[in-house]
Amino acid sequence: MDTLQFRRNRRLRTSNTLRSMVRETVLRKEDFIYPIFVIDGEDINNPIASMPGVFQKSLDHFAIELDEVVSLGIPSIILFGLPATKDDRGSEAYSDQGIVQKATRLAKERYPELIVIADTCLCQFTDHGHCGVLEGGKVLNDPSLELLARTAVSQAKAGADIIAPSNMMDGFVAAIRQGLDAAGFEDIPIMSYAVKYASAYYGPFRDAAESSPKSGDRKTYQMDPANRLEAMREAESDVAEGADFLIVKPALSYLDIMRDVKDNFTLPVVAYNVSGEYAMVKAAAQNGWIDEKAIVLETLTSMKRAGADLIMTYHAKDAARWLEEN
């Protein structure tokens, strides 16, 4: 034993204080963006069976949710809307009296400093459930861009601080940037769902947002989970078109992609810790199979370690409380 030569890496792990001093990745509540589902109507607080702790909320319950989010120190929310009516063009998405627009105005009146992000897509608003104009069973790219730009402008007029287009049409960032600029919203940033895979992890979200396609799937516009280089092409396109943030969705099974995006581009990277990832943790925790607090904080830390600057997560409220405890 006297002749062994090796490094004593454990020296920096001998106490909690020392471990904290040399910690490379720090998770903060300021990193979180909390997704909220707002629905037309009154006194609606519908629990999502596949997402314990998540609800569809009418504006009266949404106001209470805002109070809690702000009290926890979470700096930002992203809004997903469930309209009273749907049609083949998703017209409620770009109506000035649409549910996302009404929720945005309420949030900004109540808490002007809260950052309100508007998800910009058509799937929750179309009667066919696709993210664009559907004709003959095909989602048409260019006609969809006009409607997406109209949606973004309407959301900006309502007071949204950031526009987050999630539709994955080619050219969507360019179309929305042009629309915002022409309407006088040059200073509104675009948080692009730049790298969005056609993932099975979205299942519970489609229950929450009532946005499942009535026919077909979204594989002609969302990315193949097997592809890595394609993610760089998608992100590069959005950067060139004027994106201000780059979202990687899903997060947990795509940490390698997140690191690639962080290493190749200088814009802030956003991880979307999606519904299926959330649901699996919740189900295991309810069965007593895991330590929910430890698993959630470790998972969210892994996203930051992989390169995320911000994290959209349904765990945000719980995680904010746990970080305060720590």
# chains A, B, ... in the order shown; residues from 1 in each chain; ligands from 1
$ residues_around --residues "Leu122 of chain A" --least-positions-apart "4" --cutoff "12 Å" --atoms "only C-alpha atoms" --output "tab-separated table (two decimals) with C-alpha atoms, in the first residue's frame"
chain	number	residue	atom	x	y	z
A	80	PHE	CA	-51.55	27.16	-22.93
A	81	GLY	CA	-55.15	27.89	-23.87
A	82	LEU	CA	-58.28	25.76	-24.15
A	83	PRO	CA	-60.90	27.69	-26.09
A	86	LYS	CA	-62.65	25.29	-32.24
A	87	ASP	CA	-62.61	25.49	-36.03
A	88	ASP	CA	-60.46	24.31	-38.90
A	89	ARG	CA	-58.34	27.49	-38.86
A	90	GLY	CA	-57.85	27.78	-35.10
A	91	SER	CA	-59.31	31.28	-35.13
A	92	GLU	CA	-59.55	31.53	-31.34
A	93	ALA	CA	-55.74	31.41	-31.24
A	94	TYR	CA	-55.49	34.87	-32.82
A	95	SER	CA	-58.69	36.40	-31.44
A	100	VAL	CA	-54.59	33.13	-23.83
A	126	THR	CA	-58.18	23.63	-34.37
A	127	ASP	CA	-60.98	21.09	-34.60
A	128	HIS	CA	-58.56	18.64	-36.26
A	129	GLY	CA	-55.82	19.00	-33.63
A	130	HIS	CA	-52.93	19.75	-35.97
A	131	CYS	CA	-50.53	22.67	-35.60
A	132	GLY	CA	-51.34	24.29	-38.92
A	133	VAL	CA	-53.73	24.46	-41.86
A	134	LEU	CA	-54.92	20.98	-42.81
A	139	VAL	CA	-50.49	20.07	-42.98
A	144	SER	CA	-49.94	28.12	-41.57
A	145	LEU	CA	-47.26	30.80	-41.20
A	146	GLU	CA	-49.73	33.64	-41.75
A	147	LEU	CA	-52.01	32.36	-38.98
A	148	LEU	CA	-49.10	31.83	-36.60
A	149	ALA	CA	-47.86	35.38	-37.19
A	150	ARG	CA	-51.38	36.71	-36.53
A	151	THR	CA	-51.49	34.70	-33.31
A	152	ALA	CA	-48.14	36.08	-32.14
A	165	PRO	CA	-43.88	29.31	-31.15
A	166	SER	CA	-44.13	25.53	-30.84
A	167	ASN	CA	-45.58	24.51	-34.21
A	168	MET	CA	-42.41	23.35	-36.04
A	169	MET	CA	-43.39	24.77	-39.42
A	209	ALA	CA	-54.50	20.72	-23.57
A	210	GLU	CA	-57.11	18.57	-25.35
A	211	SER	CA	-54.92	18.81	-28.44
A	212	SER	CA	-54.53	15.30	-29.83
A	213	PRO	CA	-54.75	15.10	-33.64
$ residues_around --residues "Glu24 of chain A" --least-positions-apart "2" --cutoff "12 Å" --atoms "only C-alpha atoms" --output "list of chain:residue names"
A:Arg19, A:Ser20, A:Met21, A:Val22, A:Val26, A:Leu27, A:Thr301, A:Ser302, A:Lys304, A:Arg305, A:Ala306
$ write_last_selection --atoms "N, CA, C and O atoms" --output "mmCIF file, in the first residue's frame"
data_model
loop_
_atom_site.group_PDB
_atom_site.id
_atom_site.type_symbol
_atom_site.label_atom_id
_atom_site.label_comp_id
_atom_site.auth_asym_id
_atom_site.auth_seq_id
_atom_site.Cartn_x
_atom_site.Cartn_y
_atom_site.Cartn_z
ATOM 1 N N ARG A 19 -18.844 20.465 0.016
ATOM 2 C CA ARG A 19 -19.468 20.054 -1.241
ATOM 3 C C ARG A 19 -20.204 21.218 -1.894
ATOM 4 O O ARG A 19 -20.169 21.386 -3.123
ATOM 5 N N SER A 20 -20.861 22.035 -1.088
ATOM 6 C CA SER A 20 -21.565 23.205 -1.623
ATOM 7 C C SER A 20 -20.603 24.216 -2.221
ATOM 8 O O SER A 20 -20.890 24.842 -3.251
ATOM 9 N N MET A 21 -19.445 24.371 -1.596
ATOM 10 C CA MET A 21 -18.459 25.351 -2.065
ATOM 11 C C MET A 21 -17.912 25.023 -3.442
ATOM 12 O O MET A 21 -17.605 25.921 -4.233
ATOM 13 N N VAL A 22 -17.792 23.734 -3.752
ATOM 14 C CA VAL A 22 -17.184 23.338 -5.026
ATOM 15 C C VAL A 22 -18.222 22.836 -6.037
ATOM 16 O O VAL A 22 -17.859 22.300 -7.080
ATOM 17 N N VAL A 26 -25.627 24.871 -10.178
ATOM 18 C CA VAL A 26 -26.529 25.331 -9.128
ATOM 19 C C VAL A 26 -27.921 25.527 -9.713
ATOM 20 O O VAL A 26 -28.102 26.234 -10.709
ATOM 21 N N LEU A 27 -28.899 24.894 -9.102
ATOM 22 C CA LEU A 27 -30.295 25.024 -9.502
ATOM 23 C C LEU A 27 -30.955 26.102 -8.651
ATOM 24 O O LEU A 27 -30.842 26.096 -7.418
ATOM 25 N N THR A 301 -31.468 19.419 -12.040
ATOM 26 C CA THR A 301 -30.050 19.765 -12.051
ATOM 27 C C THR A 301 -29.352 19.162 -13.266
ATOM 28 O O THR A 301 -28.468 19.789 -13.875
ATOM 29 N N SER A 302 -29.757 17.966 -13.660
ATOM 30 C CA SER A 302 -29.129 17.329 -14.835
ATOM 31 C C SER A 302 -29.382 18.154 -16.088
ATOM 32 O O SER A 302 -28.531 18.196 -16.985
ATOM 33 N N LYS A 304 -29.757 21.480 -16.198
ATOM 34 C CA LYS A 304 -28.839 22.617 -16.150
ATOM 35 C C LYS A 304 -27.415 22.189 -16.464
ATOM 36 O O LYS A 304 -26.689 22.866 -17.190
ATOM 37 N N ARG A 305 -27.010 21.039 -15.945
ATOM 38 C CA ARG A 305 -25.660 20.544 -16.209
ATOM 39 C C ARG A 305 -25.454 20.278 -17.692
ATOM 40 O O ARG A 305 -24.363 20.465 -18.235
ATOM 41 N N ALA A 306 -26.524 19.863 -18.373
ATOM 42 C CA ALA A 306 -26.437 19.573 -19.801
ATOM 43 C C ALA A 306 -26.416 20.831 -20.659
ATOM 44 O O ALA A 306 -26.156 20.750 -21.856
#
$ residues_around --residues "segment 48-57 of chain A" --least-positions-apart "2" --cutoff "6 Å" --atoms "only C-alpha atoms" --output "ChimeraX atom specification"
/A:37-39,44-46,61-62,204,208,279
$ closest_residue --among "A:Gly276, A:Arg7, A:Tyr201, A:Ile78" --to "Asp161 of chain A" --atoms "only C-alpha atoms"
A:Ile78
$ closest_residue --among "A:Ile257, A:Leu12, A:Ile162, A:Ala200" --to "Glu277 of chain A" --atoms "only C-alpha atoms"
A:Ala200
$ atom_distance --atom1 "atom CA of Val153 of chain A" --atom2 "atom CA of Ala243 of chain A"
15.5 Å
$ select_by_dssp --residues "segment 76-164 of chain A" --states "helix (DSSP H, G or I)" --output "MDAnalysis selection string"
chainID A and resid 91:94 99:110 141:158
